[in-house]
$ cat protein.txt   # compact mmCIF, C-alpha atoms and all ligand atoms
# COMPACT_ATOMS: atom_id res chain seq x y z
CA MET A 1 107.12 128.19 98.75
CA ASP A 2 109.92 129.53 100.97
CA ARG A 3 112.93 127.53 102.09
CA GLU A 4 111.83 127.26 105.71
CA THR A 5 108.47 125.75 104.66
CA ARG A 6 110.21 123.22 102.42
CA VAL A 7 112.59 122.16 105.23
CA PHE A 8 109.58 121.86 107.56
CA ALA A 9 107.66 119.77 105.00
CA GLU A 10 110.57 117.44 104.27
CA SER A 11 111.13 116.74 107.94
CA HIS A 12 107.36 116.16 108.33
CA PHE A 13 107.48 113.36 105.75
CA ARG A 14 110.76 111.93 107.10
CA GLY A 15 108.97 111.52 110.43
CA PHE A 16 106.46 109.14 108.88
CA GLU A 17 109.06 106.73 107.49
CA GLY A 18 106.78 105.25 104.88
CA ARG A 19 103.58 105.24 106.98
CA LEU A 20 100.62 107.03 105.46
CA PRO A 21 100.42 110.59 106.78
CA SER A 22 96.65 110.80 106.23
CA ARG A 23 96.06 108.00 108.74
CA VAL A 24 97.38 110.05 111.62
CA CYS A 25 94.75 112.47 112.80
CA PRO A 26 94.33 114.27 116.10
CA LYS A 27 90.84 114.39 117.66
CA LEU A 28 89.06 117.48 116.38
CA ASP A 29 85.80 118.91 117.59
CA ARG A 30 85.61 121.89 115.27
CA VAL A 31 86.97 123.15 111.99
CA ASP A 32 89.14 126.29 111.87
CA PHE A 33 87.72 129.38 110.21
CA ILE A 34 90.22 131.58 108.35
CA GLU A 35 88.97 135.14 108.41
CA LYS A 36 91.45 137.45 106.72
CA PRO A 37 93.19 136.92 103.36
CA ASP A 38 95.89 139.52 104.11
CA SER A 39 97.24 137.77 107.16
CA PHE A 40 97.04 134.17 105.87
CA SER A 41 99.94 133.09 103.66
CA TYR A 42 100.49 130.04 101.45
CA ALA A 43 103.00 128.83 104.07
CA ASP A 44 100.34 129.19 106.80
CA PHE A 45 97.95 126.97 104.83
CA PHE A 46 100.66 124.52 103.84
CA LYS A 47 101.94 124.01 107.39
CA GLY A 48 98.61 124.32 109.20
CA TYR A 49 96.23 122.31 106.99
CA LEU A 50 97.73 120.73 103.87
CA LEU A 51 100.60 118.87 105.57
CA PRO A 52 98.63 117.76 108.67
CA ASN A 53 95.68 116.94 106.34
CA LEU A 54 93.09 118.89 108.33
CA PRO A 55 89.94 120.60 107.03
CA CYS A 56 89.37 124.34 107.27
CA VAL A 57 86.92 126.97 106.04
CA PHE A 58 87.95 130.29 104.49
CA SER A 59 85.71 133.33 104.85
CA SER A 60 83.86 134.85 101.88
CA ALA A 61 86.48 137.64 101.80
CA PHE A 62 88.73 135.18 99.93
CA THR A 63 86.34 135.01 96.95
CA GLU A 64 84.95 138.55 97.03
CA ASP A 65 86.32 139.50 93.62
CA TRP A 66 85.12 136.41 91.70
CA GLY A 67 82.99 137.27 88.65
CA SER A 68 80.63 134.36 89.30
CA ARG A 69 79.71 135.78 92.70
CA ARG A 70 78.40 138.88 90.97
CA LEU A 71 77.12 137.54 87.66
CA TRP A 72 75.64 134.16 88.60
CA VAL A 73 73.74 135.52 91.60
CA THR A 74 70.77 137.93 91.90
CA PRO A 75 70.92 140.87 94.33
CA SER A 76 68.87 138.79 96.76
CA GLY A 77 71.46 135.99 96.73
CA LYS A 78 69.56 133.48 94.56
CA PRO A 79 70.92 131.77 91.41
CA ASN A 80 70.61 134.15 88.46
CA PHE A 81 68.76 131.82 86.08
CA ASP A 82 68.55 134.45 83.31
CA TYR A 83 72.32 134.97 83.26
CA LEU A 84 73.04 131.24 83.33
CA LEU A 85 70.55 130.59 80.51
CA GLN A 86 71.93 133.36 78.32
CA ASN A 87 75.53 132.29 78.73
CA TYR A 88 75.43 128.52 79.14
CA GLY A 89 71.85 127.46 78.23
CA ASP A 90 72.79 125.05 75.41
CA VAL A 91 75.57 123.16 77.17
CA VAL A 92 74.80 119.54 78.04
CA VAL A 93 75.35 118.85 81.74
CA PRO A 94 75.32 115.73 83.96
CA VAL A 95 72.40 115.50 86.37
CA ALA A 96 72.06 113.04 89.27
CA ASN A 97 68.77 111.89 90.78
CA CYS A 98 69.21 112.25 94.54
CA GLY A 99 66.07 110.23 95.22
CA VAL A 100 67.36 107.03 93.64
CA GLN A 101 70.13 104.99 95.24
CA GLU A 102 72.34 103.04 92.83
CA TYR A 103 74.96 101.23 94.91
CA ASN A 104 76.37 104.11 97.02
CA SER A 105 75.67 106.78 94.44
CA ASN A 106 72.86 108.15 92.25
CA PRO A 107 72.04 107.43 88.61
CA LYS A 108 73.00 110.23 86.22
CA GLU A 109 71.48 111.49 83.00
CA HIS A 110 72.55 114.29 80.65
CA MET A 111 70.45 117.26 79.56
CA PRO A 112 70.92 120.83 78.28
CA LEU A 113 71.38 123.32 81.12
CA ARG A 114 68.23 125.12 79.92
CA ASP A 115 66.14 121.98 80.63
CA TYR A 116 67.72 121.61 84.05
CA ILE A 117 66.90 125.24 84.88
CA SER A 118 63.26 124.74 83.73
CA TYR A 119 63.09 121.75 86.06
CA TRP A 120 64.61 123.79 88.90
CA LYS A 121 62.07 126.63 88.48
CA GLU A 122 59.20 124.11 88.44
CA TYR A 123 60.64 122.42 91.53
CA ILE A 124 60.65 125.75 93.41
CA GLN A 125 57.10 126.55 92.22
CA GLY A 126 55.99 123.07 93.32
CA ASN A 127 57.19 123.85 96.86
CA TYR A 128 60.43 121.91 96.45
CA SER A 129 58.85 118.80 95.06
CA SER A 130 58.41 117.34 91.59
CA SER A 131 57.21 114.12 90.00
CA ARG A 132 60.63 114.07 88.27
CA GLY A 133 62.34 113.61 91.64
CA CYS A 134 65.13 115.62 93.25
CA LEU A 135 67.68 116.41 90.54
CA TYR A 136 71.22 117.68 91.22
CA LEU A 137 73.53 119.05 88.51
CA LYS A 138 76.90 117.54 89.43
CA ASP A 139 80.39 117.45 87.96
CA TRP A 140 79.83 119.89 85.11
CA HIS A 141 83.28 120.57 83.54
CA LEU A 142 82.70 124.29 83.02
CA CYS A 143 86.40 124.97 82.28
CA ARG A 144 86.47 122.26 79.61
CA ASP A 145 83.36 123.67 77.89
CA PHE A 146 84.02 127.42 78.24
CA SER A 147 86.74 129.84 79.19
CA ALA A 148 86.38 130.31 82.92
CA GLU A 149 88.20 133.61 82.79
CA GLY A 150 86.56 136.05 85.13
CA VAL A 151 84.39 133.31 86.67
CA PHE A 152 86.83 132.49 89.46
CA THR A 153 90.49 132.92 90.40
CA LEU A 154 92.37 129.86 91.62
CA PRO A 155 93.36 130.64 95.23
CA ILE A 156 97.14 130.35 95.71
CA TYR A 157 96.58 127.83 98.55
CA PHE A 158 95.27 125.27 96.02
CA SER A 159 97.66 126.06 93.19
CA SER A 160 99.95 123.04 93.57
CA ASP A 161 97.48 120.89 91.64
CA TRP A 162 99.16 118.06 89.75
CA LEU A 163 95.93 116.33 88.68
CA ASN A 164 94.76 119.29 86.64
CA GLU A 165 98.31 120.14 85.55
CA TYR A 166 98.64 116.58 84.18
CA TRP A 167 95.29 116.59 82.40
CA ASP A 168 95.92 120.08 81.01
CA ALA A 169 99.28 118.91 79.64
CA LEU A 170 97.50 116.03 77.87
CA ASP A 171 94.57 118.29 76.93
CA VAL A 172 91.98 115.57 77.59
CA ASP A 173 90.19 116.04 80.87
CA ASP A 174 90.10 117.96 84.11
CA TYR A 175 88.86 117.74 87.68
CA ARG A 176 87.28 121.20 87.85
CA PHE A 177 83.55 121.11 88.43
CA VAL A 178 80.43 123.17 88.94
CA TYR A 179 77.57 121.84 91.08
CA MET A 180 74.11 123.38 91.28
CA GLY A 181 70.81 122.32 92.77
CA PRO A 182 67.81 123.29 94.83
CA ALA A 183 67.59 123.01 98.62
CA GLY A 184 67.38 119.32 99.47
CA THR A 185 69.87 118.06 96.87
CA TRP A 186 72.77 116.22 98.44
CA SER A 187 75.91 114.12 97.81
CA PRO A 188 76.01 110.69 99.47
CA PHE A 189 78.80 109.60 101.83
CA HIS A 190 82.13 109.22 99.98
CA ALA A 191 85.85 110.00 99.90
CA ASP A 192 87.12 111.83 96.83
CA ILE A 193 88.52 110.23 93.71
CA PHE A 194 92.09 108.84 94.10
CA ARG A 195 92.03 110.17 97.67
CA SER A 196 92.49 113.65 96.21
CA PHE A 197 91.98 116.85 98.17
CA SER A 198 89.06 119.00 97.17
CA TRP A 199 88.14 122.62 97.59
CA SER A 200 84.62 123.93 97.27
CA VAL A 201 83.29 127.49 97.09
CA ASN A 202 79.61 128.41 97.38
CA ILE A 203 78.86 130.92 94.65
CA CYS A 204 75.45 131.29 96.29
CA GLY A 205 73.51 129.27 98.84
CA ARG A 206 74.59 127.17 101.84
CA LYS A 207 75.86 123.63 102.35
CA LYS A 208 76.00 121.39 105.37
CA TRP A 209 79.03 119.08 105.49
CA PHE A 210 79.54 115.96 107.64
CA PHE A 211 83.22 114.99 107.91
CA PHE A 212 84.86 111.82 109.25
CA PRO A 213 88.67 111.66 109.66
CA PRO A 214 90.46 108.91 107.65
CA GLY A 215 89.91 105.44 109.10
CA GLN A 216 86.76 106.37 111.05
CA GLU A 217 84.61 105.17 108.15
CA GLU A 218 85.66 101.60 109.01
CA ALA A 219 83.47 101.74 112.11
CA LEU A 220 80.50 102.85 110.02
CA ARG A 221 80.51 99.70 107.87
CA ASP A 222 77.38 97.55 107.99
CA CYS A 223 77.29 93.87 108.90
CA HIS A 224 78.09 92.98 105.25
CA GLY A 225 81.16 95.25 105.19
CA GLY A 226 79.53 97.98 103.11
CA LEU A 227 79.96 101.70 103.74
CA PRO A 228 76.78 103.69 104.41
CA TYR A 229 75.01 105.61 101.66
CA ASP A 230 73.57 108.18 104.07
CA VAL A 231 75.27 108.78 107.42
CA THR A 232 72.23 110.70 108.70
CA SER A 233 69.98 107.66 108.27
CA PRO A 234 68.45 106.28 111.53
CA THR A 235 69.50 102.78 110.38
CA LEU A 236 73.03 103.66 111.54
CA LEU A 237 71.74 103.52 115.12
CA ASP A 238 70.77 99.87 114.72
CA SER A 239 73.68 97.98 116.27
CA ARG A 240 72.73 94.74 114.49
CA LEU A 241 73.12 96.51 111.14
CA HIS A 242 76.17 98.61 112.12
CA PRO A 243 77.89 96.60 114.87
CA MET A 244 80.97 98.89 115.13
CA ARG A 245 79.10 102.20 115.05
CA ASP A 246 79.90 103.09 118.67
CA ARG A 247 83.66 103.00 117.88
CA CYS A 248 83.20 106.02 115.62
CA GLY A 249 82.83 109.51 117.03
CA PRO A 250 80.21 111.93 115.75
CA PRO A 251 80.98 113.65 112.45
CA LEU A 252 82.54 117.09 112.31
CA GLU A 253 79.76 119.33 111.07
CA VAL A 254 80.37 122.44 109.01
CA THR A 255 77.83 124.90 107.62
CA GLN A 256 79.32 126.65 104.62
CA GLU A 257 77.80 130.04 103.80
CA ALA A 258 77.73 131.88 100.46
CA GLY A 259 81.20 132.81 99.25
CA GLU A 260 82.98 130.58 101.79
CA MET A 261 85.59 128.09 100.74
CA VAL A 262 85.92 124.61 102.28
CA PHE A 263 89.18 122.63 102.15
CA VAL A 264 88.49 118.87 102.15
CA PRO A 265 91.61 116.91 103.18
CA SER A 266 92.72 113.63 101.57
CA GLY A 267 90.85 110.46 102.50
CA TRP A 268 88.31 112.18 104.77
CA HIS A 269 84.88 110.70 104.05
CA HIS A 270 82.12 113.27 103.82
CA GLN A 271 78.48 113.84 102.97
CA VAL A 272 77.12 117.17 101.76
CA HIS A 273 73.60 118.67 101.78
CA ASN A 274 72.43 121.85 100.03
CA LEU A 275 70.40 123.78 102.63
CA GLU A 276 69.30 126.39 100.08
CA ASP A 277 69.36 126.72 96.29
CA THR A 278 73.12 126.46 95.86
CA ILE A 279 75.78 126.79 93.18
CA SER A 280 79.34 125.75 93.95
CA ILE A 281 82.69 125.42 92.22
CA ASN A 282 84.66 122.34 93.34
CA HIS A 283 88.08 121.08 92.27
CA ASN A 284 89.83 117.81 93.05
CA TRP A 285 93.60 118.00 93.35
CA VAL A 286 96.65 115.95 94.18
CA ASN A 287 100.16 117.10 95.00
CA GLY A 288 103.25 116.05 96.93
CA CYS A 289 101.32 116.10 100.21
CA ASN A 290 98.77 113.40 99.25
CA LEU A 291 100.64 111.58 96.47
CA ALA A 292 101.48 108.66 98.77
CA ASN A 293 97.76 108.39 99.67
CA MET A 294 96.90 108.20 95.98
CA TRP A 295 99.50 105.47 95.41
CA HIS A 296 98.21 103.54 98.43
CA PHE A 297 94.65 103.86 97.10
CA LEU A 298 95.66 102.58 93.64
CA GLN A 299 97.29 99.52 95.21
CA GLN A 300 94.05 98.84 97.10
CA GLU A 301 92.04 99.25 93.90
CA LEU A 302 94.21 96.74 92.07
CA SER A 303 93.94 94.26 94.95
CA ALA A 304 90.14 94.63 94.86
CA VAL A 305 90.09 93.92 91.10
CA GLN A 306 92.38 90.91 91.59
CA GLN A 307 90.07 89.51 94.28
CA GLU A 308 87.08 89.86 91.94
CA VAL A 309 88.70 87.81 89.16
CA ILE A 310 90.93 85.53 91.23
CA GLU A 311 89.25 82.39 89.86
CA TRP A 312 90.78 83.01 86.38
CA ARG A 313 94.33 83.56 87.59
CA ASP A 314 95.71 80.13 86.82
CA THR A 315 93.95 79.62 83.50
CA MET A 316 94.33 83.02 81.87
CA PRO A 317 97.86 83.62 80.54
CA ASP A 318 97.73 87.44 80.69
CA TRP A 319 95.63 87.65 83.87
CA HIS A 320 97.79 90.41 85.39
CA HIS A 321 97.46 92.52 82.26
CA HIS A 322 93.66 92.04 82.31
CA CYS A 323 93.55 93.19 85.93
CA GLN A 324 95.28 96.43 84.87
CA VAL A 325 92.77 96.87 82.01
CA ILE A 326 89.83 96.35 84.38
CA MET A 327 91.38 98.73 86.89
CA LYS A 328 91.75 101.42 84.23
CA SER A 329 88.10 101.11 83.22
CA CYS A 330 86.78 101.04 86.81
CA SER A 331 89.07 103.60 88.45
CA GLY A 332 90.08 105.73 85.45
CA ILE A 333 93.77 105.02 85.96
CA ASN A 334 96.09 102.00 86.23
CA PHE A 335 99.74 101.52 87.20
CA GLU A 336 101.01 102.45 83.73
CA GLU A 337 99.08 105.71 83.70
CA PHE A 338 100.13 106.48 87.27
CA TYR A 339 103.75 106.22 86.13
CA HIS A 340 102.94 108.52 83.22
CA PHE A 341 101.37 111.01 85.63
CA LEU A 342 104.49 110.95 87.85
CA LYS A 343 106.73 111.27 84.81
CA ILE A 344 104.93 114.32 83.37
CA ILE A 345 105.02 116.20 86.68
CA ALA A 346 108.61 115.11 87.43
CA GLU A 347 109.90 116.27 84.04
CA ARG A 348 108.20 119.64 84.40
CA ARG A 349 109.78 120.13 87.83
CA LEU A 350 113.24 119.03 86.64
CA LEU A 351 113.00 121.53 83.79
CA LEU A 352 111.90 124.25 86.14
CA LEU A 353 114.82 123.59 88.45
CA ALA A 354 117.27 123.47 85.56
CA LYS A 355 116.03 126.92 84.54
CA GLY A 356 115.58 128.23 88.05
CA MET A 357 119.02 127.27 89.24
CA SER A 358 120.97 128.83 86.41
CA PRO A 359 122.57 132.13 87.39
CA GLY A 360 120.16 135.02 87.44
CA GLN A 361 117.11 132.82 87.09
CA VAL A 362 116.58 131.71 90.66
CA GLU A 363 113.15 133.28 90.74
CA GLY A 364 112.04 131.21 87.72
CA GLY A 365 109.04 129.12 88.61
CA GLU A 366 106.37 130.13 86.17
CA ASP A 367 104.96 126.58 85.92
CA THR A 368 103.66 126.04 89.41
CA GLY A 369 103.91 129.69 90.32
CA LEU A 370 105.34 128.47 93.59
CA GLY A 371 109.03 128.68 92.75
CA PRO A 372 112.12 126.45 92.95
CA GLN A 373 111.63 125.43 96.60
CA GLN A 374 108.24 123.97 95.71
CA ALA A 375 109.77 122.23 92.68
CA ALA A 376 112.48 120.72 94.88
CA PHE A 377 109.88 119.55 97.41
CA ASP A 378 107.78 118.04 94.60
CA ILE A 379 110.76 116.13 93.22
CA GLY A 380 111.50 114.67 96.64
CA ARG A 381 107.91 113.47 97.01
CA ILE A 382 107.80 111.93 93.53
CA ALA A 383 111.14 110.19 94.14
CA GLU A 384 109.86 108.64 97.37
CA VAL A 385 106.66 107.33 95.75
CA LEU A 386 108.37 106.20 92.53
CA GLU A 387 110.85 104.21 94.62
CA SER A 388 107.88 102.26 95.99
CA VAL A 389 106.24 101.96 92.54
CA VAL A 390 109.27 100.43 90.80
CA VAL A 391 109.62 97.62 93.36
CA HIS A 392 105.90 96.77 93.40
CA PRO A 393 105.48 93.24 91.94
CA ASP A 394 102.48 94.30 89.86
CA PHE A 395 104.34 97.26 88.41
CA GLN A 396 107.26 94.96 87.59
CA ARG A 397 104.81 92.89 85.51
CA VAL A 398 103.87 95.96 83.41
CA ASP A 399 105.73 96.09 80.09
CA THR A 400 107.84 99.23 80.52
CA SER A 401 110.12 98.55 77.53
CA THR A 402 108.60 101.41 75.51
CA PHE A 403 108.46 103.89 78.41
CA SER A 404 110.68 106.90 77.93
CA PRO A 405 112.49 107.38 80.20
CA ARG A 406 112.44 103.93 81.79
CA PRO A 407 111.16 104.14 85.39
CA GLU A 408 114.57 103.28 86.92
CA VAL A 409 116.22 106.00 84.84
CA LEU A 410 113.67 108.60 85.93
CA LEU A 411 114.12 107.51 89.55
CA ARG A 412 117.89 107.98 89.24
CA GLN A 413 117.43 111.45 87.71
CA LEU A 414 115.12 112.40 90.56
CA GLU A 415 117.50 111.09 93.21
CA GLU A 416 120.32 113.11 91.65
CA ALA A 417 118.10 116.19 91.66
CA VAL A 418 117.17 115.60 95.31
CA ALA A 419 120.88 115.46 96.20
CA ALA A 420 121.60 118.60 94.16
CA THR A 421 118.78 120.61 95.74
CA THR A 422 119.53 119.82 99.40
CA CYS A 423 121.32 123.13 99.81
CA LEU A 424 119.06 125.13 97.46
O1 LIG A 501 78.80 119.80 97.15
C1 LIG A 501 78.57 118.62 97.00
O2 LIG A 501 77.43 118.16 96.80
C2 LIG A 501 79.70 117.62 97.06
C3 LIG A 501 81.04 118.25 97.17
C4 LIG A 501 82.12 117.27 97.45
O3 LIG A 501 81.91 116.13 97.75
C5 LIG A 501 83.52 117.74 97.38
O4 LIG A 501 83.79 118.91 97.06
O5 LIG A 501 84.40 116.92 97.64
FE FE A 502 83.70 114.97 97.81

$ encode --input "protein.txt" --output "structure tokens"
Amino acid sequence: MDRETRVFAESHFRGFEGRLPSRVCPKLDRVDFIEKPDSFSYADFFKGYLLPNLPCVFSSAFTEDWGSRRLWVTPSGKPNFDYLLQNYGDVVVPVANCGVQEYNSNPKEHMPLRDYISYWKEYIQGNYSSSRGCLYLKDWHLCRDFSAEGVFTLPIYFSSDWLNEYWDALDVDDYRFVYMGPAGTWSPFHADIFRSFSWSVNICGRKKWFFFPPGQEEALRDCHGGLPYDVTSPTLLDSRLHPMRDRCGPPLEVTQEAGEMVFVPSGWHHQVHNLEDTISINHNWVNGCNLANMWHFLQQELSAVQQEVIEWRDTMPDWHHHCQVIMKSCSGINFEEFYHFLKIIAERRLLLLAKGMSPGQVEGGEDTGLGPQQAAFDIGRIAEVLESVVVHPDFQRVDTSTFSPRPEVLLRQLEEAVAATTCL
């Protein structure tokens, strides 16, 4: 990141004064298409899409040199089943049944990739129908199971990715996925985990996306307050079932072709349909631009848990602690782990700046690859969110006595670093 972009970004966030940036969205009637890699810089993406939280599509030129686009695909553009079987046949993958609705999602089972590919071939032979239903391989952690070297190259635009940086540092999990399925498979209406961003590249095939800017989903709720499962369903036109539907504009529609890369902004609800046999690589990611959205989402999640178990509040001595335990099991993270996430990223950035700012080492920045200006920006964003975390009554109830450093100490270190980097 260059200095001018950092100054621009910091004044962008100052302008919001604590309001959530993702809630402010201009009316859009189309999604920008970025044609040429050579004339589109990280700063262009950062200022044009990441900061304003707007979707865009990158042309297939951006992924031309990915190994998966050669090796996973036949010359006629279909999934290369033989290659996938030879290289990954034994791995056990999660598979969703698109024909069965379970709440607002689909039930999942696990099977070896070779069994899924047998099913897929049968499905094609059966004219895109099978007694086993419509099965979609979703959320396969390819990078956790295999080296993904040569499969894809992380585009620089998406390289400030704290979620995967955090999980890599802990060596437990990641948010890097492969999806594959025949024409007709689809992902129901949702916003991404923790209000993360996502990026998605079609290795082969085509997808149709329906996007709604943050907040618009409220008008799609049914008369019981539930969000729709399928926004293309004719039931949405029934005003008794969806009384606020006419307050929501039509979705932004995008058709993503083979090789193209879609940027999904934070908190935008979307629904995705595979129009052909499709394989995609999708990552979820969080950074300084959507960190406040993640924190806001976690507060909402805790409130929802508290509402569910409110009747026990006065009789259960450690009710607040139980709410955090339930939150962790339902959402995958609670306030304690969120602090740990902030701490890991903050300490890595402080270290980077300490190295980067010493004489002769200004170009140091090997961790994010984005240099000291990015590190300084990151520290400012973490400081702002941590300031809100430490005064939150439910965080104050968390036992932080064994945390190292204590949250107030980390906050002070960050504030000192912010002051020291103003003229960087
Ligand atoms: O491709 C799909 O089926 C879903 C992708 C998605 O929801 C995402 O990348 O956020
Ligand atoms: Fe998504």

$ closest_atom_pairs --input "protein.txt" --of "chain A" --to "ligand LIG 501 (chain A)" --cutoff "9 Å" --atoms "all atoms listed in the file" --output "tab-separated table"
residue	atom	partner	partner_atom	distance
A:Tyr136	CA	A:LIG501	O2	8.4
A:Lys138	CA	A:LIG501	O2	7.4
A:Phe177	CA	A:LIG501	O4	8.9
A:Tyr179	CA	A:LIG501	O1	6.5
A:Met180	CA	A:LIG501	O2	8.3
A:Gly181	CA	A:LIG501	O2	8.8
A:Thr185	CA	A:LIG501	O2	7.6
A:Trp186	CA	A:LIG501	O2	5.3
A:Ser187	CA	A:LIG501	O2	4.4
A:Pro188	CA	A:LIG501	O2	8.1
A:Phe189	CA	A:LIG501	O3	8.3
A:His190	CA	A:LIG501	O3	7.3
A:Ala191	CA	A:LIG501	O5	7.4
A:Asp192	CA	A:LIG501	O5	5.8
A:Ile193	CA	A:LIG501	O5	8.8
A:Ser196	CA	A:LIG501	O5	8.8
A:Phe197	CA	A:LIG501	O5	7.6
A:Ser198	CA	A:LIG501	O5	5.1
A:Trp199	CA	A:LIG501	O4	5.7
A:Ser200	CA	A:LIG501	O4	5.1
A:Val201	CA	A:LIG501	O4	8.6
A:Asn202	CA	A:LIG501	O1	8.7
A:Lys207	CA	A:LIG501	O1	7.1
A:Lys208	CA	A:LIG501	O1	8.8
A:Trp209	CA	A:LIG501	O1	8.4
A:Val262	CA	A:LIG501	O4	8.0
A:Phe263	CA	A:LIG501	O4	8.3
A:Val264	CA	A:LIG501	O5	6.4
A:His269	CA	A:LIG501	O3	8.8
A:His270	CA	A:LIG501	O3	6.7
A:Gln271	CA	A:LIG501	O3	6.7
A:Val272	CA	A:LIG501	O2	5.1
A:His273	CA	A:LIG501	O2	6.3
A:Asn274	CA	A:LIG501	O2	7.0
A:Thr278	CA	A:LIG501	O1	8.8
A:Ile279	CA	A:LIG501	O1	8.6
A:Ser280	CA	A:LIG501	O1	6.8
A:Ile281	CA	A:LIG501	O4	8.2
A:Asn282	CA	A:LIG501	O4	5.1
A:His283	CA	A:LIG501	O4	6.8
A:Asn284	CA	A:LIG501	O5	7.2

$ closest_residue --input "protein.txt" --among "A:Gly99, A:Gly215, A:Pro155, A:Gly150" --to "Arg132 in chain A" --atoms "only C-alpha atoms"
A:Gly99

$ residues_around --input "protein.txt" --residues "Asp173 in chain A" --least-positions-apart "4" --cutoff "8 Å" --atoms "all atoms listed in the file" --output "number ranges by chain"
A: 144, 167-168

$ closest_residue --input "protein.txt" --among "A:Phe211, A:His322, A:Pro182, A:Asn334" --to "ligand FE 502 (chain A)" --atoms "all atoms listed in the file"
A:Phe211

$ closest_residue --input "protein.txt" --among "A:Gly205, A:Pro234, A:Pro214, A:Gly267" --to "ligand FE 502 (chain A)" --atoms "all atoms listed in the file"
A:Gly267

$ closest_residue --input "protein.txt" --among "A:Tyr83, A:Tyr88, A:Tyr128, A:Trp268" --to "ligand FE 502 (chain A)" --atoms "all atoms listed in the file"
A:Trp268

$ closest_residue --input "protein.txt" --among "A:Thr402, A:Thr232, A:Ser131, A:Thr315" --to "His340 in chain A" --atoms "all atoms listed in the file"
A:Thr402

$ residues_around --input "protein.txt" --residues "Gly380 in chain A" --least-positions-apart "5" --cutoff "10 Å" --atoms "all atoms listed in the file" --output "mmCIF file with C-alpha atoms, in the coordinates of the input"
data_model
loop_
_atom_site.group_PDB
_atom_site.id
_atom_site.type_symbol
_atom_site.label_atom_id
_atom_site.label_comp_id
_atom_site.auth_asym_id
_atom_site.auth_seq_id
_atom_site.Cartn_x
_atom_site.Cartn_y
_atom_site.Cartn_z
ATOM 1 C CA GLU A 10 110.570 117.440 104.270
ATOM 2 C CA GLY A 288 103.250 116.050 96.930
ATOM 3 C CA ALA A 346 108.610 115.110 87.430
ATOM 4 C CA GLN A 374 108.240 123.970 95.710
ATOM 5 C CA ALA A 375 109.770 122.230 92.680
ATOM 6 C CA VAL A 385 106.660 107.330 95.750
ATOM 7 C CA LEU A 386 108.370 106.200 92.530
ATOM 8 C CA LEU A 414 115.120 112.400 90.560
ATOM 9 C CA GLU A 415 117.500 111.090 93.210
ATOM 10 C CA ALA A 417 118.100 116.190 91.660
ATOM 11 C CA VAL A 418 117.170 115.600 95.310
ATOM 12 C CA ALA A 419 120.880 115.460 96.200
ATOM 13 C CA THR A 421 118.780 120.610 95.740
ATOM 14 C CA THR A 422 119.530 119.820 99.400
#

$ closest_residue --input "protein.txt" --among "A:Arg206, A:His141, A:His12, A:Arg195" --to "ligand FE 502 (chain A)" --atoms "all atoms listed in the file"
A:Arg195

$ atom_distance --input "protein.txt" --atom1 "CA of Pro265 in chain A" --atom2 "CA of Leu342 in chain A"
20.9 Å

$ residues_around --input "protein.txt" --residues "Arg114 in chain A" --least-positions-apart "2" --cutoff "10 Å" --atoms "only C-alpha atoms" --output "list in words"
Phe81, Asp82, Leu84, Leu85, Gln86, Tyr88, Gly89, Asp90, Val91, Val92, Val93, Met111, Pro112, Tyr116, Ile117, Ser118, Tyr119 and Trp120 of chain A

$ atom_distance --input "protein.txt" --atom1 "CA of Cys56 in chain A" --atom2 "CA of Gln256 in chain A"
10.6 Å

$ atom_distance --input "protein.txt" --atom1 "CA of Leu135 in chain A" --atom2 "CA of Gly259 in chain A"
23.0 Å

$ residues_near_point --input "protein.txt" --point "(113.7, 104.8, 95.9)" --cutoff "10 Å" --atoms "only C-alpha atoms" --output "number ranges by chain"
A: 382-391, 408, 411-412, 414-415

$ build_atoms --input "protein.txt" --residues "range 208-213 of chain A" --atoms "N, CA, C and O atoms" --output "tab-separated table (two decimals), in the coordinates of the input"
chain	number	residue	atom	x	y	z
A	208	LYS	N	75.64	122.02	104.08
A	208	LYS	CA	76.00	121.39	105.37
A	208	LYS	C	76.90	120.20	105.07
A	208	LYS	O	76.54	119.35	104.24
A	209	TRP	N	78.06	120.17	105.71
A	209	TRP	CA	79.03	119.08	105.49
A	209	TRP	C	79.12	118.21	106.76
A	209	TRP	O	79.12	118.73	107.88
A	210	PHE	N	79.23	116.91	106.56
A	210	PHE	CA	79.54	115.96	107.64
A	210	PHE	C	80.88	115.31	107.30
A	210	PHE	O	80.99	114.67	106.25
A	211	PHE	N	81.87	115.49	108.17
A	211	PHE	CA	83.22	114.99	107.91
A	211	PHE	C	83.60	113.89	108.90
A	211	PHE	O	83.36	114.04	110.11
A	212	PHE	N	84.27	112.85	108.39
A	212	PHE	CA	84.86	111.82	109.25
A	212	PHE	C	86.35	111.70	108.92
A	212	PHE	O	86.69	111.50	107.75
A	213	PRO	N	87.24	111.79	109.92
A	213	PRO	CA	88.67	111.66	109.66
A	213	PRO	C	89.00	110.28	109.06
A	213	PRO	O	88.25	109.32	109.29
